[in-house]
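Engineer: Sharing my_file27.csv here; it has CSV, C-alpha atoms.
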```
chain,number,residue,atom,x,y,z
A,211,MET,CA,48.1,53.3,-11.8
A,212,ARG,CA,51.5,52.4,-13.1
A,213,ALA,CA,52.8,50.1,-15.9
A,214,LEU,CA,55.3,47.3,-15.4
A,215,VAL,CA,57.1,45.9,-18.4
A,216,MET,CA,58.3,42.3,-18.2
A,217,ALA,CA,60.2,40.2,-20.8
A,218,GLY,CA,58.3,37.2,-21.8
A,219,VAL,CA,58.6,34.3,-24.2
A,220,ALA,CA,56.6,36.0,-26.8
A,221,GLY,CA,58.1,39.5,-26.3
A,222,LEU,CA,57.3,42.3,-23.9
A,223,LEU,CA,54.4,41.9,-21.5
A,224,THR,CA,52.9,45.0,-20.1
A,225,LEU,CA,50.9,44.8,-16.8
A,226,THR,CA,48.9,47.6,-15.3
A,227,LEU,CA,49.1,47.6,-11.5
A,228,ALA,CA,46.6,49.3,-9.3
A,229,PRO,CA,47.6,51.2,-6.2
A,230,PRO,CA,47.1,49.5,-2.8
A,231,ALA,CA,43.5,49.4,-1.7
A,232,ALA,CA,42.6,52.3,0.5
A,233,ALA,CA,41.1,51.7,3.9
A,234,THR,CA,37.9,53.5,2.9
A,235,SER,CA,34.5,52.4,3.8
A,236,ALA,CA,31.5,52.0,1.5
A,237,VAL,CA,28.2,53.1,2.9
A,238,PRO,CA,26.7,52.8,6.4
A,239,GLU,CA,24.9,49.5,6.9
A,240,GLN,CA,22.1,48.9,9.4
A,241,TRP,CA,23.1,45.8,11.3
A,242,SER,CA,20.3,45.9,13.9
A,243,ALA,CA,16.9,47.5,14.2
A,244,GLY,CA,16.0,46.0,17.6
A,245,PRO,CA,16.4,47.2,21.1
A,246,PHE,CA,19.8,47.0,22.9
A,247,THR,CA,19.7,47.4,26.7
A,248,ALA,CA,22.7,49.5,27.4
A,249,GLN,CA,22.3,51.6,30.6
A,250,VAL,CA,26.0,52.0,31.6
A,251,ALA,CA,28.4,51.2,28.8
A,252,VAL,CA,28.8,49.4,25.5
A,253,MET,CA,32.0,47.5,24.5
A,254,ALA,CA,32.9,45.1,21.8
A,255,GLY,CA,34.7,41.7,21.7
A,256,ASP,CA,34.4,38.2,20.4
A,257,VAL,CA,32.5,36.6,23.2
A,258,ASP,CA,31.7,33.3,21.5
A,259,GLY,CA,35.1,32.7,19.8
A,260,ASP,CA,33.8,32.6,16.2
A,261,GLY,CA,36.2,35.2,14.9
A,262,LYS,CA,33.7,38.1,14.8
A,263,ASP,CA,33.4,40.8,17.4
A,264,ASP,CA,30.1,41.1,19.2
A,265,LEU,CA,28.5,44.0,21.2
A,266,VAL,CA,28.3,43.8,25.0
A,267,SER,CA,26.5,46.2,27.3
A,268,TYR,CA,26.9,46.9,31.0
A,269,ASN,CA,23.8,47.6,33.0
A,270,THR,CA,22.5,48.2,36.5
A,271,TYR,CA,21.3,45.7,39.1
A,272,LEU,CA,19.4,42.7,37.8
A,273,TYR,CA,19.7,43.6,34.1
A,274,GLY,CA,23.0,41.9,33.5
A,275,CYS,CA,25.2,42.2,30.5
A,276,TYR,CA,23.4,42.0,27.2
A,277,VAL,CA,25.1,40.7,24.1
A,278,MET,CA,24.3,41.2,20.4
A,279,ARG,CA,26.2,38.6,18.5
A,280,SER,CA,27.6,39.3,15.0
A,281,ASN,CA,27.0,36.7,12.2
A,282,GLY,CA,29.3,38.6,9.9
A,283,SER,CA,26.6,40.7,8.2
A,284,ALA,CA,24.2,41.7,11.0
A,285,PHE,CA,23.8,41.6,14.8
A,286,GLN,CA,21.4,39.0,16.2
A,287,PRO,CA,18.7,40.0,18.7
A,288,GLN,CA,20.1,40.8,22.2
A,289,GLN,CA,20.6,38.1,24.7
A,290,ASN,CA,21.0,38.5,28.5
A,291,TRP,CA,24.3,36.9,29.3
A,292,GLY,CA,23.9,37.2,33.1
A,293,ALA,CA,26.0,38.6,36.0
A,294,GLY,CA,23.2,41.0,36.7
A,295,ASN,CA,22.8,40.2,40.5
A,296,PHE,CA,26.4,41.1,41.2
A,297,LEU,CA,26.4,43.3,44.4
A,298,SER,CA,23.7,46.0,44.5
A,299,THR,CA,24.9,47.9,41.4
A,300,GLY,CA,24.9,45.1,38.8
A,301,PHE,CA,28.1,44.0,37.0
A,302,ASN,CA,29.8,47.2,36.1
A,303,GLY,CA,32.5,49.4,37.5
A,304,ASN,CA,34.2,52.8,37.2
A,305,ALA,CA,35.7,51.4,34.0
A,306,ASN,CA,34.3,48.5,31.9
A,307,PHE,CA,36.0,46.4,29.3
A,308,VAL,CA,35.6,43.3,27.1
A,309,GLY,CA,38.7,41.3,26.5
A,310,ASP,CA,40.2,37.8,26.5
A,311,THR,CA,41.6,37.6,30.0
A,312,ASP,CA,42.5,33.9,29.9
A,313,ASN,CA,43.6,33.5,26.2
A,314,ASP,CA,40.9,30.9,25.4
A,315,GLY,CA,39.7,32.8,22.3
A,316,ARG,CA,36.6,34.2,23.9
A,317,ALA,CA,36.3,37.7,25.3
A,318,ASP,CA,35.3,38.1,28.9
A,319,ALA,CA,33.5,41.0,30.7
A,320,ILE,CA,35.8,43.1,33.0
A,321,ALA,CA,34.8,45.6,35.6
A,322,VAL,CA,37.3,47.9,37.4
A,323,ARG,CA,36.0,49.3,40.7
A,324,ARG,CA,36.9,51.8,43.3
A,325,PRO,CA,36.1,50.9,46.9
A,326,SER,CA,32.7,52.0,48.1
A,327,SER,CA,30.2,51.1,50.8
A,328,SER,CA,28.5,48.7,48.3
A,329,ALA,CA,31.4,47.5,46.3
A,330,PRO,CA,34.9,46.1,47.0
A,331,GLN,CA,37.8,47.5,45.0
A,332,GLY,CA,39.9,46.0,42.2
A,333,ILE,CA,39.3,44.0,39.0
A,334,PHE,CA,36.4,41.6,38.6
A,335,VAL,CA,36.1,39.2,35.6
A,336,ALA,CA,33.0,37.4,34.4
A,337,LYS,CA,34.4,34.8,32.0
A,338,SER,CA,32.6,33.8,28.8
A,339,ILE,CA,31.6,30.2,29.3
A,340,THR,CA,29.3,27.5,28.0
A,341,ASP,CA,27.5,26.3,31.1
A,342,TYR,CA,26.3,22.8,32.2
A,343,TYR,CA,23.1,23.2,30.1
A,344,GLY,CA,25.0,24.2,26.9
A,345,VAL,CA,24.1,27.9,27.3
A,346,GLU,CA,26.7,30.5,26.4
A,347,ARG,CA,26.9,33.3,28.9
A,348,PHE,CA,29.1,35.1,31.3
A,349,GLY,CA,29.9,33.2,34.5
A,350,THR,CA,29.7,34.4,38.0
A,351,PRO,CA,32.1,37.4,38.4
A,352,THR,CA,35.2,36.7,40.5
A,353,GLN,CA,37.7,39.1,42.0
A,354,TRP,CA,41.0,39.0,40.1
A,355,LEU,CA,42.7,41.8,42.0
A,356,ASN,CA,42.0,43.3,45.4
A,357,ASN,CA,43.9,46.6,45.0
A,358,TYR,CA,43.3,50.2,43.9
A,359,ILE,CA,43.7,50.2,40.1
A,360,ALA,CA,40.8,52.5,39.1
A,361,GLY,CA,42.9,55.3,37.8
A,362,ASP,CA,42.5,59.0,38.7
A,363,PHE,CA,42.5,59.7,34.9
A,364,GLY,CA,40.8,56.5,33.8
A,365,ASN,CA,41.8,53.0,32.8
A,366,LEU,CA,42.9,51.3,29.6
A,367,ALA,CA,42.8,47.6,28.6
A,368,ALA,CA,45.4,46.0,26.3
A,369,ASP,CA,47.9,43.1,26.0
A,370,LEU,CA,51.0,44.7,27.6
A,371,ASP,CA,53.3,41.7,27.5
A,372,GLY,CA,52.3,39.9,24.3
A,373,ASP,CA,51.0,36.7,26.0
A,374,GLY,CA,47.5,36.9,24.5
A,375,ASP,CA,45.7,38.0,27.7
A,376,THR,CA,44.1,41.4,28.2
A,377,ASP,CA,45.7,43.5,31.0
A,378,ILE,CA,44.5,46.6,32.8
A,379,ILE,CA,46.3,49.9,33.0
A,380,GLY,CA,45.5,52.6,35.6
A,381,LEU,CA,46.4,56.2,34.8
A,382,PHE,CA,47.4,57.9,38.1
A,383,ASP,CA,49.0,61.2,39.1
A,384,VAL,CA,52.1,59.6,40.4
A,385,ALA,CA,52.5,56.6,38.0
A,386,THR,CA,51.0,54.5,35.3
A,387,LEU,CA,50.2,51.2,36.9
A,388,ALA,CA,49.6,47.8,35.2
A,389,ALA,CA,47.7,44.8,36.4
A,390,ARG,CA,48.7,42.0,34.1
A,391,SER,CA,46.6,38.8,33.7
A,392,ASP,CA,48.2,35.4,34.1
A,393,GLY,CA,45.1,33.7,32.8
A,394,THR,CA,43.5,33.0,36.2
A,395,LYS,CA,44.1,36.3,38.1
A,396,SER,CA,45.7,39.7,37.9
A,397,LEU,CA,49.3,39.8,39.0
A,398,PRO,CA,50.4,42.4,41.7
A,399,LEU,CA,50.5,45.9,40.5
A,400,ILE,CA,53.6,47.1,38.8
A,401,ALA,CA,54.7,50.6,37.6
A,402,TRP,CA,54.6,50.4,33.8
A,403,ALA,CA,55.2,54.0,32.8
A,404,PRO,CA,55.7,57.5,34.3
A,405,PRO,CA,52.6,59.6,34.9
A,406,ILE,CA,52.4,60.9,31.3
A,407,ARG,CA,49.3,61.4,29.2
A,408,GLY,CA,48.3,62.8,25.9
A,409,GLY,CA,47.1,66.4,25.9
A,410,LYS,CA,43.9,65.3,24.0
A,411,VAL,CA,43.7,61.5,24.4
A,412,THR,CA,45.7,58.7,25.9
A,413,LEU,CA,45.4,55.3,24.2
A,414,ALA,CA,47.0,51.8,24.4
A,415,ALA,CA,47.3,49.5,21.4
A,416,ASP,CA,49.9,47.6,19.3
A,417,ALA,CA,50.9,50.3,16.9
A,418,THR,CA,54.2,48.6,16.0
A,419,GLY,CA,52.8,45.2,15.2
A,420,ASP,CA,55.1,43.2,17.6
A,421,GLY,CA,52.2,41.9,19.7
A,422,LYS,CA,52.7,44.2,22.7
A,423,ALA,CA,50.7,47.3,23.4
A,424,ASP,CA,52.2,50.7,23.0
A,425,PHE,CA,51.4,53.9,24.8
A,426,ILE,CA,49.9,56.4,22.4
A,427,LEU,CA,49.8,60.1,23.5
A,428,VAL,CA,47.6,62.2,21.3
A,429,ASP,CA,48.5,65.9,21.8
A,430,GLN,CA,47.2,69.2,20.5
A,431,ASN,CA,49.9,69.4,17.9
A,432,GLY,CA,50.8,65.8,17.1
A,433,THR,CA,51.1,62.3,18.4
A,434,ARG,CA,53.8,60.7,20.5
A,435,VAL,CA,54.3,56.9,21.1
A,436,VAL,CA,56.1,55.0,23.7
A,437,THR,CA,56.7,51.5,22.3
A,438,GLY,CA,56.4,48.4,24.5
A,439,SER,CA,59.8,47.0,25.3
A,440,ALA,CA,61.8,45.4,28.1
A,441,ASN,CA,61.8,48.8,29.7
A,442,ARG,CA,58.0,48.7,29.7
A,443,TRP,CA,56.8,52.2,28.8
A,444,PHE,CA,59.6,54.1,30.5
A,445,ASP,CA,61.5,55.0,27.3
A,446,ALA,CA,61.1,58.6,26.2
A,447,PRO,CA,58.1,59.2,23.9
A,448,VAL,CA,58.9,59.5,20.2
A,449,SER,CA,57.1,61.8,17.8
A,450,TRP,CA,55.2,59.7,15.3
A,451,SER,CA,53.3,62.7,13.7
A,452,THR,CA,53.4,66.5,14.0
A,453,THR,CA,50.0,66.7,12.4
A,454,PRO,CA,47.2,67.7,14.8
A,455,PHE,CA,44.9,64.7,14.7
A,456,TYR,CA,42.0,64.0,17.0
A,457,GLY,CA,38.2,63.7,16.5
A,458,THR,CA,35.7,66.3,17.4
A,459,LYS,CA,33.5,63.4,18.6
A,460,LYS,CA,36.0,60.7,19.4
A,461,THR,CA,39.6,59.5,18.8
A,462,LEU,CA,40.1,55.8,18.5
A,463,THR,CA,42.9,53.3,17.7
A,464,ALA,CA,42.5,50.0,15.8
A,465,ASP,CA,44.0,48.1,12.9
A,466,ILE,CA,41.8,49.4,10.0
A,467,ASP,CA,43.8,48.0,7.1
A,468,GLY,CA,44.6,44.5,8.5
A,469,ASP,CA,48.4,44.9,8.4
A,470,GLY,CA,48.9,44.0,12.1
A,471,ASP,CA,49.5,47.5,13.6
A,472,ALA,CA,46.9,49.8,15.1
A,473,ASP,CA,46.0,53.0,13.3
A,474,LEU,CA,44.5,56.3,14.6
A,475,ILE,CA,40.9,57.2,13.8
A,476,ALA,CA,39.3,60.6,14.2
A,477,VAL,CA,35.5,60.6,14.3
A,478,ASN,CA,34.4,64.2,13.5
A,479,ASP,CA,31.1,65.9,13.1
A,480,THR,CA,31.4,65.9,9.3
A,481,ASP,CA,33.7,63.0,8.5
A,482,VAL,CA,35.9,60.1,9.7
A,483,GLN,CA,39.6,60.3,9.1
A,484,VAL,CA,42.5,57.9,9.7
A,485,MET,CA,46.2,58.1,10.1
A,486,ARG,CA,47.7,54.7,9.3
A,487,SER,CA,50.6,53.3,11.3
A,488,THR,CA,53.8,52.3,9.4
A,489,GLY,CA,55.1,50.6,12.5
A,490,SER,CA,57.3,53.5,13.4
A,491,SER,CA,55.2,56.6,12.5
A,492,TYR,CA,51.8,57.7,11.3
A,493,SER,CA,51.1,58.5,7.7
A,494,ALA,CA,49.2,61.6,6.5
A,495,PRO,CA,45.5,61.8,7.3
A,496,GLU,CA,43.1,60.1,4.9
A,497,VAL,CA,39.3,60.6,4.7
A,498,TRP,CA,37.9,57.2,5.6
A,499,TYR,CA,34.2,58.3,5.3
A,500,ALA,CA,33.1,61.6,3.9
A,501,GLY,CA,30.1,62.0,6.1
A,502,SER,CA,28.9,62.1,9.7
A,503,PHE,CA,29.0,58.7,11.5
A,504,SER,CA,28.6,58.3,15.3
A,505,GLY,CA,26.2,56.7,17.7
A,506,THR,CA,24.1,58.3,20.4
A,507,LYS,CA,25.1,55.6,22.9
A,508,GLU,CA,28.6,54.7,21.7
A,509,THR,CA,30.9,54.8,18.8
A,510,LEU,CA,33.6,52.1,18.7
A,511,THR,CA,35.8,50.0,16.6
A,512,ALA,CA,35.4,46.2,16.2
A,513,ASP,CA,36.1,43.6,13.6
A,514,VAL,CA,32.4,42.7,13.2
A,515,ASP,CA,32.7,40.8,9.9
A,516,GLY,CA,35.8,38.8,10.9
A,517,ASP,CA,37.9,39.8,7.9
A,518,GLY,CA,40.9,40.9,10.0
A,519,ASP,CA,40.5,44.7,9.9
A,520,ALA,CA,38.5,46.9,12.3
A,521,ASP,CA,35.2,48.4,11.3
A,522,LEU,CA,33.4,51.4,12.9
A,523,VAL,CA,30.2,50.8,14.8
A,524,ALA,CA,27.6,53.4,15.9
A,525,VAL,CA,25.3,52.2,18.6
A,526,ASN,CA,22.0,54.1,19.0
A,527,ALA,CA,19.0,53.5,21.3
A,528,ASP,CA,17.1,51.5,18.8
A,529,ASP,CA,19.5,50.5,16.0
A,530,VAL,CA,23.2,49.8,15.3
A,531,TRP,CA,25.1,50.9,12.1
A,532,VAL,CA,28.4,49.7,10.8
A,533,LEU,CA,31.0,51.2,8.4
A,534,ARG,CA,33.0,48.3,7.2
A,535,SER,CA,36.7,48.7,6.3
A,536,GLN,CA,37.3,47.5,2.8
```
Is it possible to express this structure as structure tokens?
Structural biologist:
Amino acid sequence: MRALVMAGVAGLLTLTLAPPAAATSAVPEQWSAGPFTAQVAVMAGDVDGDGKDDLVSYNTYLYGCYVMRSNGSAFQPQQNWGAGNFLSTGFNGNANFVGDTDNDGRADAIAVRRPSSSAPQGIFVAKSITDYYGVERFGTPTQWLNNYIAGDFGNLAADLDGDGDTDIIGLFDVATLAARSDGTKSLPLIAWAPPIRGGKVTLAADATGDGKADFILVDQNGTRVVTGSANRWFDAPVSWSTTPFYGTKKTLTADIDGDGDADLIAVNDTDVQVMRSTGSSYSAPEVWYAGSFSGTKETLTADVDGDGDADLVAVNADDVWVLRSQ
């Protein structure tokens, strides 16, 4: 706390100012106690355009993508949003994402596939739609890219060029490739960065707050960032922190304090810590939650209450818990 003395009409006025609110969470909240069919993967995104992130699962043949919608304080019972009869494996790929590929305010389902005997290669998108009968669901998947983008070291999804569409990044031995969305398809592959990766984790998010995704390289002894620019991600990585910071369970990036730039989150066995982005560096680690918090199926970040900052979500077999950022 600090005191501010101001001259007023009646004399000196003393105001006591509180420090900025910390990005700490209160207590875990159970947001769902029902089943959630999630055989392959769980992702999060605002599939219905109401400003709150929902949960989306990827499953095997005929099961389809299941969605648990957020109402701001709980997840509604799961709904089958379709796309389950896509090929013989269902709608899923070597990498699966949920993101707004066409900038319509609704997140779509994205599958990135390697070529196989049962599946063509490339990027497939099942758009979030309201069909002829007024039912909200994922439409029939269409191939947005017929090329090899399933990376040797995985894939990332982020808005690379600041146009509001979700793009796909492939991490390869020889280069870091990008498949940018133009709203209706993926543009031809382009080299976006050299073949560099973090020693612990490689992430993509807007850490500078300029609307374009940055390349975040989490190493054993610190974190480097390549900011998005006209040079794509070919500029030399810059040290944003020399503090070792990565989770024993998971390392994530999201805007936990609502200031417009993505922060680092370390999910550990005993606590959750964050390093906030200043736009050009990461601040010292802070304890975000002094306890264990992770899901048996998935642990992810999402703005589930629609207040502009990311929350932490733990997805288990029979329930879902949320740590809200406050």
Engineer: Would you list the residues near (49.3, 41.2, 25.2) (no more than 10 Å away, in the coordinates of the file, using all atoms listed in the file) as a CSV table (one decimal) with C-alpha atoms, keeping the file's coordinate frame?
Structural biologist:
```
chain,number,residue,atom,x,y,z
A,310,ASP,CA,40.2,37.8,26.5
A,311,THR,CA,41.6,37.6,30.0
A,313,ASN,CA,43.6,33.5,26.2
A,367,ALA,CA,42.8,47.6,28.6
A,368,ALA,CA,45.4,46.0,26.3
A,369,ASP,CA,47.9,43.1,26.0
A,370,LEU,CA,51.0,44.7,27.6
A,371,ASP,CA,53.3,41.7,27.5
A,372,GLY,CA,52.3,39.9,24.3
A,373,ASP,CA,51.0,36.7,26.0
A,374,GLY,CA,47.5,36.9,24.5
A,375,ASP,CA,45.7,38.0,27.7
A,376,THR,CA,44.1,41.4,28.2
A,377,ASP,CA,45.7,43.5,31.0
A,390,ARG,CA,48.7,42.0,34.1
A,391,SER,CA,46.6,38.8,33.7
A,415,ALA,CA,47.3,49.5,21.4
A,416,ASP,CA,49.9,47.6,19.3
A,420,ASP,CA,55.1,43.2,17.6
A,421,GLY,CA,52.2,41.9,19.7
A,422,LYS,CA,52.7,44.2,22.7
A,423,ALA,CA,50.7,47.3,23.4
```
Engineer: Do you know which residues are at most 7 Å from A:Gly361 counting only C-alpha atoms, after dropping those on the same chain fewer than 5 positions away, and could you put them as a ChimeraX atom specification?
Structural biologist: /A:380-382
Engineer: Which polymer residues have any atom within 6 Å of an atom of A:Val277, counting only C-alpha atoms, with same-chain residues fewer than 3 positions away left out, as a ChimeraX atom specification?
Structural biologist: /A:265-266,288-289
Engineer: To one decimal place, how far is atom CA of A:Asp424 from atom CA of A:Asp256 in Å?
Structural biologist: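 Straight-line distance from atom CA of A:Asp424 to atom CA of A:Asp256 works out to 21.9 Å.
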Engineer: My list of candidates is A:Ile378, A:Val250, A:Val484, A:Val435. Which is closest to A:Leu397 when distances are computed with all atoms listed in the file?
Structural biologist: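 That would be A:Ile378, the residue with the smallest distance to A:Leu397.
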Engineer: Which residue out of A:Val436, A:Ala500, A:Val322, A:Ala446 has the minimum interatomic distance to A:Thr480 when only C-alpha atoms are used?
Structural biologist: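 Nearest to A:Thr480: A:Ala500.
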Engineer: Restricting the calculation to all atoms listed in the file: of A:Lys262, A:Lys395, A:Lys507, A:Lys459, which residue gets closest to A:Val411?
Structural biologist: A:Lys459
Engineer: Would you work out the distance separating atom CA of A:Asp521 from atom CA of A:Ala336, expressed in Å to one decimal?
Structural biologist: 25.7 Å
Engineer: Please provide as a list of chain:residue names all residues within 6 Å of A:Val335, with the sequence filter that same-chain residues fewer than 3 positions apart are discarded (counting all atoms listed in the file).
Structural biologist: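 So, after excluding close chain neighbours, the residues are A:Ala319, A:Ile320, A:Pro351, A:Thr352.
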Engineer: Could you take the residues named above and write them with C-alpha atoms, as a PDB file, in the coordinates of the input?
Structural biologist:
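The resulting out-v8.pdb:
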```pdb
ATOM      1  CA  ALA A 319      33.500  41.000  30.700  1.00  0.00           C
ATOM      2  CA  ILE A 320      35.800  43.100  33.000  1.00  0.00           C
ATOM      3  CA  PRO A 351      32.100  37.400  38.400  1.00  0.00           C
ATOM      4  CA  THR A 352      35.200  36.700  40.500  1.00  0.00           C
TER       5      THR A 352
END
```
Engineer: Name the residues in contact with stretch 398-409 of chain A at a cut-off of 10 Å, using all atoms listed in the file, excluding same-chain residues fewer than 2 positions from it; report them as a PyMOL selection string.
Structural biologist: chain A and resi 355-359+363+370+378-391+395-396+411-413+425-436+438+441-447
